[in-house]
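Q: What follows is the file entry-v5.cif, containing mmCIF, C-alpha atoms:
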```cif
data_model
loop_
_atom_site.label_atom_id
_atom_site.label_comp_id
_atom_site.auth_asym_id
_atom_site.auth_seq_id
_atom_site.Cartn_x
_atom_site.Cartn_y
_atom_site.Cartn_z
CA MET V 1402 49.50 -62.16 18.62
CA LYS V 1403 48.39 -63.16 15.13
CA THR V 1404 48.29 -60.42 12.47
CA ARG V 1405 44.50 -60.62 12.30
CA ASP V 1406 44.19 -60.06 16.05
CA ARG V 1407 46.78 -57.27 15.96
CA ILE V 1408 44.71 -55.51 13.29
CA ILE V 1409 41.55 -55.73 15.42
CA HIS V 1410 43.45 -54.56 18.49
CA SER V 1411 45.08 -51.58 16.75
CA ALA V 1412 41.89 -50.57 14.98
CA THR V 1413 39.99 -50.49 18.31
CA GLU V 1414 42.75 -48.39 19.86
CA LEU V 1415 42.87 -45.92 16.95
CA PHE V 1416 39.07 -45.66 16.70
CA ASN V 1417 38.86 -45.02 20.46
CA ASP V 1418 41.64 -42.45 20.52
CA GLN V 1419 40.96 -40.53 17.34
CA GLY V 1420 37.33 -41.26 16.51
CA GLU V 1421 36.19 -43.93 14.07
CA PRO V 1422 35.33 -41.49 11.22
CA ASN V 1423 38.93 -40.17 11.18
CA ILE V 1424 40.61 -43.56 10.76
CA THR V 1425 41.03 -45.42 7.45
CA THR V 1426 42.41 -48.91 6.79
CA ASN V 1427 45.61 -47.19 5.63
CA HIS V 1428 46.02 -45.56 9.04
CA ILE V 1429 45.61 -48.95 10.70
CA ALA V 1430 48.15 -50.61 8.39
CA ALA V 1431 50.65 -47.77 8.91
CA HIS V 1432 50.17 -47.94 12.68
CA LEU V 1433 51.05 -51.65 12.61
CA GLY V 1434 53.87 -51.24 10.11
CA ILE V 1435 52.25 -53.63 7.63
CA SER V 1436 51.33 -53.03 3.99
CA PRO V 1437 47.71 -52.22 3.03
CA GLY V 1438 47.81 -55.39 0.95
CA ASN V 1439 48.61 -57.46 4.02
CA LEU V 1440 45.67 -55.86 5.87
CA TYR V 1441 43.34 -56.56 2.93
CA TYR V 1442 44.43 -60.21 3.05
CA HIS V 1443 42.72 -60.39 6.45
CA PHE V 1444 39.84 -57.89 6.08
CA ARG V 1445 37.92 -56.79 3.00
CA ASN V 1446 37.43 -53.23 4.29
CA LYS V 1447 36.93 -51.09 7.40
CA GLU V 1448 33.35 -52.33 7.92
CA ASP V 1449 34.73 -55.86 8.03
CA ILE V 1450 37.10 -54.85 10.85
CA ILE V 1451 34.25 -53.14 12.71
CA HIS V 1452 32.24 -56.37 12.47
CA SER V 1453 35.08 -58.26 14.19
CA ILE V 1454 35.33 -55.60 16.91
CA PHE V 1455 31.58 -55.84 17.37
CA GLU V 1456 31.89 -59.60 17.86
CA GLN V 1457 34.31 -58.92 20.71
CA TYR V 1458 31.81 -56.45 22.16
CA ALA V 1459 29.00 -59.01 21.91
CA ASN V 1460 31.19 -61.70 23.50
CA HIS V 1461 32.05 -59.41 26.40
CA LEU V 1462 28.37 -58.64 26.80
CA THR V 1463 27.54 -62.33 27.17
CA ALA V 1464 30.52 -63.10 29.40
CA SER V 1465 30.42 -60.09 31.75
CA PHE V 1466 26.84 -60.39 32.86
CA THR V 1467 26.72 -63.63 34.81
CA PRO V 1468 23.34 -64.90 35.93
CA TRP V 1469 22.23 -63.19 39.15
CA ARG V 1470 21.80 -65.36 42.18
CA ASN V 1471 18.26 -64.48 43.30
CA GLY V 1472 19.23 -61.64 45.56
CA GLU V 1473 21.77 -63.65 47.52
CA ASN V 1474 24.37 -60.94 47.21
CA ASN V 1475 22.75 -57.73 45.99
CA LEU V 1476 25.69 -55.43 46.46
CA GLN V 1477 28.10 -57.65 44.55
CA ASP V 1478 25.56 -58.29 41.80
CA LEU V 1479 24.88 -54.61 41.26
CA MET V 1480 28.57 -53.70 41.44
CA GLY V 1481 29.42 -56.46 38.98
CA TYR V 1482 26.82 -55.07 36.59
CA LEU V 1483 28.03 -51.47 36.93
CA ASP V 1484 31.67 -52.50 36.49
CA ALA V 1485 30.78 -54.48 33.37
CA ILE V 1486 28.91 -51.47 31.98
CA PHE V 1487 31.89 -49.25 32.66
CA TYR V 1488 34.28 -51.72 31.03
CA LEU V 1489 32.17 -51.98 27.86
CA MET V 1490 31.71 -48.20 27.58
CA TRP V 1491 35.46 -47.65 27.97
CA GLN V 1492 36.69 -50.53 25.80
CA PHE V 1493 34.33 -49.76 22.92
CA ARG V 1494 33.85 -46.04 23.41
CA PHE V 1495 34.20 -45.25 19.70
CA PHE V 1496 31.19 -47.46 19.09
CA TYR V 1497 28.99 -45.64 21.64
CA ALA V 1498 30.26 -42.28 20.38
CA ASN V 1499 29.10 -42.85 16.85
CA LEU V 1500 26.44 -45.52 17.09
CA PRO V 1501 23.64 -44.27 14.80
CA ASP V 1502 26.16 -43.46 12.07
CA ILE V 1503 28.02 -46.79 12.26
CA LEU V 1504 24.76 -48.77 12.27
CA SER V 1505 23.18 -46.79 9.43
CA ARG V 1506 26.06 -47.83 7.14
CA ASP V 1507 25.66 -51.55 7.73
CA GLU V 1508 22.35 -53.36 7.90
CA LEU V 1509 23.82 -56.68 9.06
CA LEU V 1510 25.61 -54.95 11.94
CA GLN V 1511 22.37 -53.17 12.89
CA GLN V 1512 20.62 -56.55 13.10
CA LYS V 1513 23.41 -58.00 15.26
CA TYR V 1514 23.28 -54.91 17.47
CA LEU V 1515 19.52 -55.20 17.96
CA LYS V 1516 20.00 -58.83 19.01
CA THR V 1517 22.52 -57.83 21.70
CA GLN V 1518 20.14 -55.09 22.87
CA GLU V 1519 17.34 -57.61 23.22
CA GLN V 1520 19.72 -59.74 25.30
CA MET V 1521 20.62 -56.71 27.45
CA ARG V 1522 16.96 -55.95 28.09
CA THR V 1523 16.56 -59.44 29.57
CA THR V 1524 19.80 -59.12 31.55
CA VAL V 1525 18.83 -55.81 33.15
CA PHE V 1526 15.35 -57.07 33.96
CA THR V 1527 16.77 -60.22 35.60
CA LEU V 1528 19.17 -58.13 37.67
CA LEU V 1529 16.48 -55.68 38.80
CA ASN V 1530 14.14 -58.52 39.63
CA SER V 1531 16.84 -60.23 41.66
CA LEU V 1532 17.51 -56.97 43.54
CA ARG V 1533 13.80 -56.68 44.23
CA GLU V 1534 13.56 -60.25 45.52
CA GLY V 1535 16.64 -59.61 47.67
CA ALA V 1536 14.91 -56.61 49.31
CA PHE V 1537 17.39 -54.17 47.83
CA LEU V 1538 14.78 -52.43 45.65
CA THR V 1539 11.17 -51.68 46.53
CA ALA V 1540 9.94 -51.19 42.94
CA ASN V 1541 6.77 -52.87 41.75
CA GLN V 1542 7.52 -55.64 39.33
CA ASP V 1543 5.40 -53.79 36.75
CA ASP V 1544 7.85 -50.89 36.85
CA LEU V 1545 10.97 -53.00 36.26
CA PRO V 1546 10.84 -53.00 32.43
CA ASP V 1547 10.51 -49.18 32.38
CA LEU V 1548 13.29 -48.83 34.93
CA GLY V 1549 15.49 -51.18 32.89
CA HIS V 1550 14.71 -49.12 29.80
CA ALA V 1551 15.73 -45.90 31.56
CA ILE V 1552 19.03 -47.52 32.63
CA LYS V 1553 19.74 -48.85 29.14
CA MET V 1554 19.11 -45.40 27.72
CA VAL V 1555 21.63 -43.76 30.06
CA VAL V 1556 24.25 -46.38 29.17
CA THR V 1557 23.67 -46.07 25.43
CA CYS V 1558 23.47 -42.28 25.39
CA TRP V 1559 25.99 -41.22 28.00
CA ILE V 1560 28.94 -40.79 25.61
CA PRO V 1561 27.10 -39.01 22.75
CA PHE V 1562 25.23 -36.86 25.31
CA GLN V 1563 28.51 -35.73 26.85
CA THR V 1564 30.03 -35.09 23.45
CA ALA V 1565 27.11 -32.80 22.57
CA GLN V 1566 27.10 -31.01 25.93
CA ALA V 1567 30.68 -29.79 25.92
CA ALA V 1568 32.91 -28.40 23.21
CA ASN V 1569 35.73 -30.87 22.49
CA ALA V 1570 34.65 -33.17 25.34
CA ARG V 1571 37.28 -35.83 25.95
CA ILE V 1572 35.96 -39.24 26.86
CA THR V 1573 37.87 -40.14 30.01
CA LYS V 1574 37.43 -42.93 32.52
CA ALA V 1575 36.30 -40.30 35.05
CA LEU V 1576 33.56 -39.18 32.68
CA LEU V 1577 32.34 -42.76 32.28
CA TYR V 1578 32.25 -43.28 36.04
CA GLN V 1579 30.00 -40.21 36.17
CA GLY V 1580 27.73 -42.13 33.79
CA VAL V 1581 27.74 -45.07 36.21
CA LEU V 1582 26.65 -42.65 38.95
CA ARG V 1583 23.75 -41.52 36.73
CA VAL V 1584 22.62 -45.14 36.47
CA LEU V 1585 22.82 -45.48 40.25
CA PHE V 1586 20.77 -42.30 40.67
CA LEU V 1587 17.90 -43.90 38.72
CA LEU V 1588 17.77 -46.63 41.38
CA LYS V 1589 17.89 -44.21 44.32
CA PRO V 1590 14.14 -43.65 44.83
CA TYR V 1591 13.57 -47.42 44.76
CA ILE V 1592 16.22 -48.38 47.32
CA HIS V 1593 14.78 -50.43 50.17
CA PRO V 1594 15.17 -48.62 53.54
CA GLN V 1595 17.36 -51.43 54.86
CA ALA V 1596 19.67 -51.13 51.82
CA THR V 1597 20.27 -47.37 52.12
CA GLU V 1598 23.70 -47.81 53.64
CA GLN V 1599 24.80 -50.24 50.92
CA TYR V 1600 23.53 -47.84 48.27
CA GLN V 1601 25.54 -45.00 49.81
CA GLN V 1602 28.64 -47.21 49.90
CA LEU V 1603 28.26 -47.92 46.20
CA THR V 1604 27.73 -44.25 45.35
CA GLN V 1605 30.76 -43.33 47.40
CA HIS V 1606 32.84 -46.02 45.68
CA TYR V 1607 32.08 -44.73 42.17
CA ARG V 1608 32.33 -41.10 43.22
CA GLN V 1609 35.86 -41.79 44.42
CA LEU V 1610 36.64 -43.45 41.10
CA THR V 1611 35.59 -40.30 39.19
CA GLN V 1612 38.29 -38.49 41.17
CA SER V 1613 41.09 -41.07 41.26
CA VAL V 1614 41.20 -42.09 37.58
CA GLU V 1615 42.48 -39.92 34.75
CA MET M 147 6.08 -14.77 3.64
CA LYS M 148 9.39 -13.16 2.74
CA THR M 149 11.85 -15.19 0.67
CA ARG M 150 14.24 -15.40 3.62
CA ASP M 151 11.54 -16.83 5.88
CA ARG M 152 10.36 -19.20 3.15
CA ILE M 153 13.92 -20.56 2.87
CA ILE M 154 14.11 -21.18 6.63
CA HIS M 155 10.68 -22.78 6.62
CA SER M 156 11.42 -25.08 3.67
CA ALA M 157 14.86 -26.03 4.97
CA THR M 158 13.39 -27.07 8.33
CA GLU M 159 10.74 -29.14 6.57
CA LEU M 160 13.23 -30.86 4.26
CA PHE M 161 15.76 -31.49 7.05
CA ASN M 162 13.01 -32.97 9.22
CA ASP M 163 11.57 -35.17 6.47
CA GLN M 164 14.71 -36.38 4.76
CA GLY M 165 17.47 -35.89 7.32
CA GLU M 166 19.78 -32.89 7.44
CA PRO M 167 22.83 -34.71 5.93
CA ASN M 168 20.84 -35.57 2.78
CA ILE M 169 19.76 -32.01 1.97
CA THR M 170 21.91 -29.41 0.17
CA THR M 171 21.20 -25.74 -0.51
CA ASN M 172 20.39 -26.79 -4.09
CA HIS M 173 17.62 -29.08 -2.82
CA ILE M 174 16.18 -26.23 -0.80
CA ALA M 175 16.28 -23.81 -3.74
CA ALA M 176 14.70 -26.41 -6.05
CA HIS M 177 11.98 -27.15 -3.49
CA LEU M 178 11.08 -23.44 -3.39
CA GLY M 179 11.40 -22.96 -7.13
CA ILE M 180 14.04 -20.26 -6.74
CA SER M 181 17.55 -20.12 -8.22
CA PRO M 182 20.57 -21.10 -6.09
CA GLY M 183 21.81 -17.53 -6.65
CA ASN M 184 18.65 -16.15 -5.04
CA LEU M 185 19.18 -18.44 -2.02
CA TYR M 186 22.82 -17.35 -1.72
CA TYR M 187 21.65 -13.74 -1.69
CA HIS M 188 19.96 -14.52 1.66
CA PHE M 189 22.28 -17.17 3.14
CA ARG M 190 26.01 -17.78 2.65
CA ASN M 191 25.68 -21.56 2.97
CA LYS M 192 23.77 -24.38 4.65
CA GLU M 193 25.38 -23.71 8.06
CA ASP M 194 24.06 -20.17 7.83
CA ILE M 195 20.51 -21.49 7.34
CA ILE M 196 20.97 -23.90 10.27
CA HIS M 197 21.99 -20.94 12.44
CA SER M 198 18.72 -19.19 11.62
CA ILE M 199 16.72 -22.33 12.37
CA PHE M 200 18.60 -22.64 15.63
CA GLU M 201 17.59 -19.08 16.52
CA GLN M 202 13.96 -20.10 16.09
CA TYR M 203 14.61 -23.11 18.33
CA ALA M 204 16.21 -20.89 20.99
CA ASN M 205 13.33 -18.40 20.77
CA HIS M 206 10.78 -21.18 21.23
CA LEU M 207 12.78 -22.41 24.20
CA THR M 208 12.56 -19.03 25.89
CA ALA M 209 8.92 -18.46 24.99
CA SER M 210 7.46 -21.92 25.73
CA PHE M 211 8.74 -22.30 29.25
CA THR M 212 6.92 -19.61 31.17
CA PRO M 213 7.95 -19.01 34.78
CA TRP M 214 6.26 -21.49 37.10
CA ARG M 215 3.89 -20.14 39.70
CA ASN M 216 5.24 -21.66 42.92
CA GLY M 217 3.20 -24.82 42.79
CA GLU M 218 -0.13 -23.02 42.36
CA ASN M 219 -1.15 -25.28 39.52
CA ASN M 220 1.14 -28.29 39.37
CA LEU M 221 -0.75 -30.29 36.81
CA GLN M 222 -0.95 -27.43 34.31
CA ASP M 223 2.68 -26.48 34.89
CA LEU M 224 3.94 -29.99 34.28
CA MET M 225 1.68 -30.49 31.28
CA GLY M 226 2.79 -27.16 29.83
CA TYR M 227 6.40 -28.27 30.20
CA LEU M 228 5.80 -31.68 28.61
CA ASP M 229 3.83 -30.18 25.73
CA ALA M 230 6.62 -27.66 25.10
CA ILE M 231 9.19 -30.46 25.09
CA PHE M 232 7.10 -32.43 22.62
CA TYR M 233 6.66 -29.40 20.37
CA LEU M 234 10.40 -28.67 20.29
CA MET M 235 11.32 -32.31 19.63
CA TRP M 236 8.84 -32.51 16.78
CA GLN M 237 9.46 -29.10 15.23
CA PHE M 238 13.24 -29.46 15.26
CA ARG M 239 13.58 -33.23 15.08
CA PHE M 240 16.39 -33.10 12.51
CA PHE M 241 18.44 -31.18 15.03
CA TYR M 242 17.95 -33.75 17.82
CA ALA M 243 18.56 -36.57 15.32
CA ASN M 244 22.00 -35.36 14.35
CA LEU M 245 23.10 -33.13 17.21
CA PRO M 246 26.75 -34.13 17.82
CA ASP M 247 27.47 -34.03 14.09
CA ILE M 248 25.81 -30.63 13.49
CA LEU M 249 27.54 -29.08 16.52
CA SER M 250 30.98 -30.53 15.70
CA ARG M 251 30.92 -28.71 12.35
CA ASP M 252 30.25 -25.27 13.85
CA GLU M 253 31.92 -23.93 16.97
CA LEU M 254 29.74 -20.82 17.22
CA LEU M 255 26.59 -22.95 17.06
CA GLN M 256 28.00 -25.24 19.75
CA GLN M 257 28.49 -22.22 22.02
CA LYS M 258 24.95 -21.00 21.38
CA TYR M 259 23.64 -24.50 22.04
CA LEU M 260 25.49 -24.75 25.34
CA LYS M 261 23.95 -21.44 26.40
CA THR M 262 20.42 -22.71 25.72
CA GLN M 263 21.25 -25.90 27.64
CA GLU M 264 22.37 -23.86 30.61
CA GLN M 265 19.06 -22.00 30.41
CA MET M 266 17.16 -25.32 30.23
CA ARG M 267 18.96 -26.60 33.32
CA THR M 268 17.62 -23.61 35.26
CA THR M 269 14.14 -24.01 33.77
CA VAL M 270 13.85 -27.68 34.69
CA PHE M 271 15.16 -27.04 38.19
CA THR M 272 12.66 -24.20 38.71
CA LEU M 273 9.81 -26.42 37.54
CA LEU M 274 10.83 -29.36 39.75
CA ASN M 275 11.27 -27.06 42.70
CA SER M 276 7.84 -25.56 42.12
CA LEU M 277 6.32 -29.06 41.93
CA ARG M 278 8.05 -29.92 45.19
CA GLU M 279 6.77 -26.80 46.91
CA GLY M 280 3.29 -27.53 45.58
CA ALA M 281 3.38 -31.00 47.20
CA PHE M 282 3.33 -32.75 43.83
CA LEU M 283 6.81 -34.24 44.24
CA THR M 284 8.39 -35.57 47.44
CA ALA M 285 12.02 -35.38 46.25
CA ASN M 286 14.68 -33.82 48.46
CA GLN M 287 15.82 -30.50 47.10
CA ASP M 288 19.35 -31.96 46.88
CA ASP M 289 18.13 -34.51 44.35
CA LEU M 290 16.46 -32.00 42.04
CA PRO M 291 19.56 -31.14 39.96
CA ASP M 292 20.24 -34.86 39.31
CA LEU M 293 16.58 -35.46 38.50
CA GLY M 294 16.60 -32.48 36.14
CA HIS M 295 19.74 -33.86 34.51
CA ALA M 296 18.10 -37.24 34.00
CA ILE M 297 15.09 -35.55 32.37
CA LYS M 298 17.28 -33.39 30.12
CA MET M 299 19.16 -36.49 29.02
CA VAL M 300 15.98 -38.31 27.99
CA VAL M 301 14.79 -35.27 26.02
CA THR M 302 18.14 -34.79 24.27
CA CYS M 303 18.72 -38.48 23.54
CA TRP M 304 15.26 -39.81 22.81
CA ILE M 305 15.40 -39.35 19.03
CA PRO M 306 18.97 -40.63 18.44
CA PHE M 307 18.33 -43.50 20.89
CA GLN M 308 15.26 -44.56 18.92
CA THR M 309 17.12 -44.25 15.64
CA ALA M 310 19.84 -46.59 16.92
CA GLN M 311 17.39 -49.09 18.45
CA ALA M 312 15.38 -49.87 15.35
CA ALA M 313 16.32 -50.36 11.73
CA ASN M 314 14.91 -47.47 9.66
CA ALA M 315 13.05 -46.01 12.65
CA ARG M 316 10.67 -43.29 11.50
CA ILE M 317 10.37 -40.33 13.83
CA THR M 318 6.62 -39.96 14.34
CA LYS M 319 4.58 -37.89 16.75
CA ALA M 320 3.57 -41.12 18.49
CA LEU M 321 7.23 -41.99 19.05
CA LEU M 322 7.87 -38.56 20.58
CA TYR M 323 4.89 -38.92 22.93
CA GLN M 324 6.50 -42.18 24.08
CA GLY M 325 9.54 -40.03 24.94
CA VAL M 326 7.28 -37.74 26.99
CA LEU M 327 6.04 -40.84 28.86
CA ARG M 328 9.68 -41.75 29.63
CA VAL M 329 10.15 -38.31 31.19
CA LEU M 330 7.00 -38.81 33.26
CA PHE M 331 8.28 -42.22 34.41
CA LEU M 332 11.36 -40.56 35.91
CA LEU M 333 9.03 -38.53 38.16
CA LYS M 334 6.92 -41.53 39.17
CA PRO M 335 8.84 -42.62 42.31
CA TYR M 336 8.81 -39.02 43.57
CA ILE M 337 5.09 -38.38 43.16
CA HIS M 338 3.48 -37.20 46.39
CA PRO M 339 0.80 -39.68 47.59
CA GLN M 340 -1.88 -36.99 47.25
CA ALA M 341 -0.85 -36.34 43.63
CA THR M 342 -1.02 -39.97 42.48
CA GLU M 343 -4.32 -39.49 40.74
CA GLN M 344 -3.14 -36.39 38.88
CA TYR M 345 0.00 -38.28 37.82
CA GLN M 346 -2.11 -41.13 36.47
CA GLN M 347 -4.30 -38.66 34.58
CA LEU M 348 -1.23 -37.20 32.92
CA THR M 349 0.17 -40.60 32.02
CA GLN M 350 -3.17 -41.62 30.60
CA HIS M 351 -3.37 -38.38 28.59
CA TYR M 352 0.00 -38.92 26.89
CA ARG M 353 -0.56 -42.65 26.46
CA GLN M 354 -3.72 -41.86 24.53
CA LEU M 355 -1.77 -39.40 22.39
CA THR M 356 0.72 -42.14 21.41
CA GLN M 357 -2.23 -44.02 19.99
CA SER M 358 -4.28 -41.26 18.42
CA VAL M 359 -1.57 -39.42 16.45
CA GLU M 360 0.17 -40.78 13.38
#
```
What's the structure tokens form of this structure?
A:
Amino acid sequence: MKTRDRIIHSATELFNDQGEPNITTNHIAAHLGISPGNLYYHFRNKEDIIHSIFEQYANHLTASFTPWRNGENNLQDLMGYLDAIFYLMWQFRFFYANLPDILSRDELLQQKYLKTQEQMRTTVFTLLNSLREGAFLTANQDDLPDLGHAIKMVVTCWIPFQTAQAANARITKALLYQGVLRVLFLLKPYIHPQATEQYQQLTQHYRQLTQSVE
Amino acid sequence: MKTRDRIIHSATELFNDQGEPNITTNHIAAHLGISPGNLYYHFRNKEDIIHSIFEQYANHLTASFTPWRNGENNLQDLMGYLDAIFYLMWQFRFFYANLPDILSRDELLQQKYLKTQEQMRTTVFTLLNSLREGAFLTANQDDLPDLGHAIKMVVTCWIPFQTAQAANARITKALLYQGVLRVLFLLKPYIHPQATEQYQQLTQHYRQLTQSVE
């Protein structure tokens, strides 16, 4: 791995494990066993590193959410979406944990973030619409933007909400799968009668994951 | 008003208007035209003032949510709840805006907060149950805790979510009424057919408020 990539990789790991506010560029350099000067050859400062991590986040966002196939395979589509959400929350959990603070320090990053959010709004709407056309959801089309908004809010807020609700809450994979179950719950009242069994399978699948992962 | 109460009042106002992290005890003293020494006679430090504001918040919480009357008057019960939520979000918006940060600095406050949240969980459940018994909601009783959780999450996260979603988002009353509409949307799929009209009245009422307030 190139030094630049190793820096991004280590920084993500340290931010995730110890919280972004507690990590300086010196910590990152020390963790890699390189001099601060070497790190500064690749990145101007910590914000610069965060920008590169954000680019990875944005790339994952584009890559993980493949276009939905008009309700051809609802269960796989929804599961693919939920798995991608879980992956992003876990891989970039420091970002979710401290979002308003990180964005308030960096106007350019805020703009980039808003662009990805716009993209996500379209993605969620397309998925919900595909599930509706595939007779998996019974929601009116008029309700889909609001439903998508409610889902996006759970995804964005799950980590900070948990952090506020428990003293010294540790962000574990199990906790994030609970977040996935909260997203599924929002769909529950809209599930088409003929899709009830599939919905229960999905719920069961993620409930098991909350128990089997650390 | 006693000096002690004036300090609490001014601090709340300044925190709400300019953000809690940007306000020091010196700002509060200057705003009141009293000496820092006079302020320190009443409060040891800023955390101490925040504790007193939190007590007001907790008192409002207890006072605003009166016991529900077993579905005797669903519309008034739900409206009373939504109005109380709006009032708390507006009156203590600095607290919602910066919750994880404020709580992480103060273990005692975190404990007090968790106690109020426990209380809120019961309150929301009692309300939802009353609405179910009054044939306003059709939800299964098993779903009520999850539905209550989803509502609590919107209320807790609405302000930080908005702050992250828009550059320099201003927290206005209109924005908070939009949050109230998001709570109402969560109930929508559970509305009893005979309560549809009442639900639409409520939605209309809060939608008008998003347009008529600043």
Q: For the PyMOL selection byres ((chain V and resi 1526) around 10), applied here, can you spell out every residue it catches as a list of chain:residue names?
A: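 Given this file, the PyMOL selection byres ((chain V and resi 1526) around 10) evaluates to V:Met1521, V:Arg1522, V:Thr1523, V:Thr1524, V:Val1525, V:Thr1527, V:Leu1528, V:Leu1529, V:Asn1530, V:Ser1531, V:Leu1532, V:Gln1542, V:Leu1545, V:Pro1546, V:Asp1547, V:Leu1548, V:Gly1549, V:His1550.
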Q: Residues proximal to (25.8, -35.6, 17.7) were defined as those with any atom within 10 Å of that point in the file's coordinates, counting only C-alpha atoms. Which are they, as a ChimeraX atom specification?
A: /V:1498-1502,1560-1566 /M:241-250,303,306
Q: If we count only C-alpha atoms and set the cut-off at 6 Å, which residues sit around stretch 1578-1590 of chain V, ignoring sequence neighbours fewer than 4 positions away in its own chain? Please answer as a count of residues only.
A: 3
Q: Translate the PyMOL selection byres ((chain V and resi 1486) around 12) into a concrete residue list for this structure, as a ChimeraX atom specification.
A: /V:1458,1461-1463,1465-1466,1479-1485,1487-1494,1497,1521,1524-1525,1552-1553,1555-1557,1559,1577-1578,1580-1582,1584-1585
Q: For C-alpha atoms, I'd like the residues from the last selection saved as a CSV table (one decimal), keeping the file's coordinate frame.
A:
```csv
chain,number,residue,atom,x,y,z
V,1458,TYR,CA,31.8,-56.4,22.2
V,1461,HIS,CA,32.0,-59.4,26.4
V,1462,LEU,CA,28.4,-58.6,26.8
V,1463,THR,CA,27.5,-62.3,27.2
V,1465,SER,CA,30.4,-60.1,31.8
V,1466,PHE,CA,26.8,-60.4,32.9
V,1479,LEU,CA,24.9,-54.6,41.3
V,1480,MET,CA,28.6,-53.7,41.4
V,1481,GLY,CA,29.4,-56.5,39.0
V,1482,TYR,CA,26.8,-55.1,36.6
V,1483,LEU,CA,28.0,-51.5,36.9
V,1484,ASP,CA,31.7,-52.5,36.5
V,1485,ALA,CA,30.8,-54.5,33.4
V,1487,PHE,CA,31.9,-49.2,32.7
V,1488,TYR,CA,34.3,-51.7,31.0
V,1489,LEU,CA,32.2,-52.0,27.9
V,1490,MET,CA,31.7,-48.2,27.6
V,1491,TRP,CA,35.5,-47.6,28.0
V,1492,GLN,CA,36.7,-50.5,25.8
V,1493,PHE,CA,34.3,-49.8,22.9
V,1494,ARG,CA,33.8,-46.0,23.4
V,1497,TYR,CA,29.0,-45.6,21.6
V,1521,MET,CA,20.6,-56.7,27.4
V,1524,THR,CA,19.8,-59.1,31.6
V,1525,VAL,CA,18.8,-55.8,33.2
V,1552,ILE,CA,19.0,-47.5,32.6
V,1553,LYS,CA,19.7,-48.8,29.1
V,1555,VAL,CA,21.6,-43.8,30.1
V,1556,VAL,CA,24.2,-46.4,29.2
V,1557,THR,CA,23.7,-46.1,25.4
V,1559,TRP,CA,26.0,-41.2,28.0
V,1577,LEU,CA,32.3,-42.8,32.3
V,1578,TYR,CA,32.2,-43.3,36.0
V,1580,GLY,CA,27.7,-42.1,33.8
V,1581,VAL,CA,27.7,-45.1,36.2
V,1582,LEU,CA,26.6,-42.6,39.0
V,1584,VAL,CA,22.6,-45.1,36.5
V,1585,LEU,CA,22.8,-45.5,40.2
```
Q: Would you please work out which residue, of M:Gln357, M:Glu264, M:Ala281, M:Glu343, is nearest to chain V when using only C-alpha atoms?
A: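 Looking at the shortest contact to chain V, the residue is M:Glu264.
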Q: So what do you get for atom CA of M:Thr212 versus atom CA of M:Thr262, distance-wise?
A: 14.9 Å
Q: At a cut-off of 12 Å from (12.2, -27.3, -1.1) in the coordinates of the file, what residues are picked up using all atoms listed in the file, written as an MDAnalysis selection string?
A: chainID M and resid 152:164 169:182 185
Q: Suppose we keep C-alpha atoms; can you now write the selection as an mmCIF file, in the frame of the given file?
A:
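Just written: again01.cif:
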```
data_model
loop_
_atom_site.group_PDB
_atom_site.id
_atom_site.type_symbol
_atom_site.label_atom_id
_atom_site.label_comp_id
_atom_site.auth_asym_id
_atom_site.auth_seq_id
_atom_site.Cartn_x
_atom_site.Cartn_y
_atom_site.Cartn_z
ATOM 1 C CA ARG M 152 10.360 -19.200 3.150
ATOM 2 C CA ILE M 153 13.920 -20.560 2.870
ATOM 3 C CA ILE M 154 14.110 -21.180 6.630
ATOM 4 C CA HIS M 155 10.680 -22.780 6.620
ATOM 5 C CA SER M 156 11.420 -25.080 3.670
ATOM 6 C CA ALA M 157 14.860 -26.030 4.970
ATOM 7 C CA THR M 158 13.390 -27.070 8.330
ATOM 8 C CA GLU M 159 10.740 -29.140 6.570
ATOM 9 C CA LEU M 160 13.230 -30.860 4.260
ATOM 10 C CA PHE M 161 15.760 -31.490 7.050
ATOM 11 C CA ASN M 162 13.010 -32.970 9.220
ATOM 12 C CA ASP M 163 11.570 -35.170 6.470
ATOM 13 C CA GLN M 164 14.710 -36.380 4.760
ATOM 14 C CA ILE M 169 19.760 -32.010 1.970
ATOM 15 C CA THR M 170 21.910 -29.410 0.170
ATOM 16 C CA THR M 171 21.200 -25.740 -0.510
ATOM 17 C CA ASN M 172 20.390 -26.790 -4.090
ATOM 18 C CA HIS M 173 17.620 -29.080 -2.820
ATOM 19 C CA ILE M 174 16.180 -26.230 -0.800
ATOM 20 C CA ALA M 175 16.280 -23.810 -3.740
ATOM 21 C CA ALA M 176 14.700 -26.410 -6.050
ATOM 22 C CA HIS M 177 11.980 -27.150 -3.490
ATOM 23 C CA LEU M 178 11.080 -23.440 -3.390
ATOM 24 C CA GLY M 179 11.400 -22.960 -7.130
ATOM 25 C CA ILE M 180 14.040 -20.260 -6.740
ATOM 26 C CA SER M 181 17.550 -20.120 -8.220
ATOM 27 C CA PRO M 182 20.570 -21.100 -6.090
ATOM 28 C CA LEU M 185 19.180 -18.440 -2.020
#
```
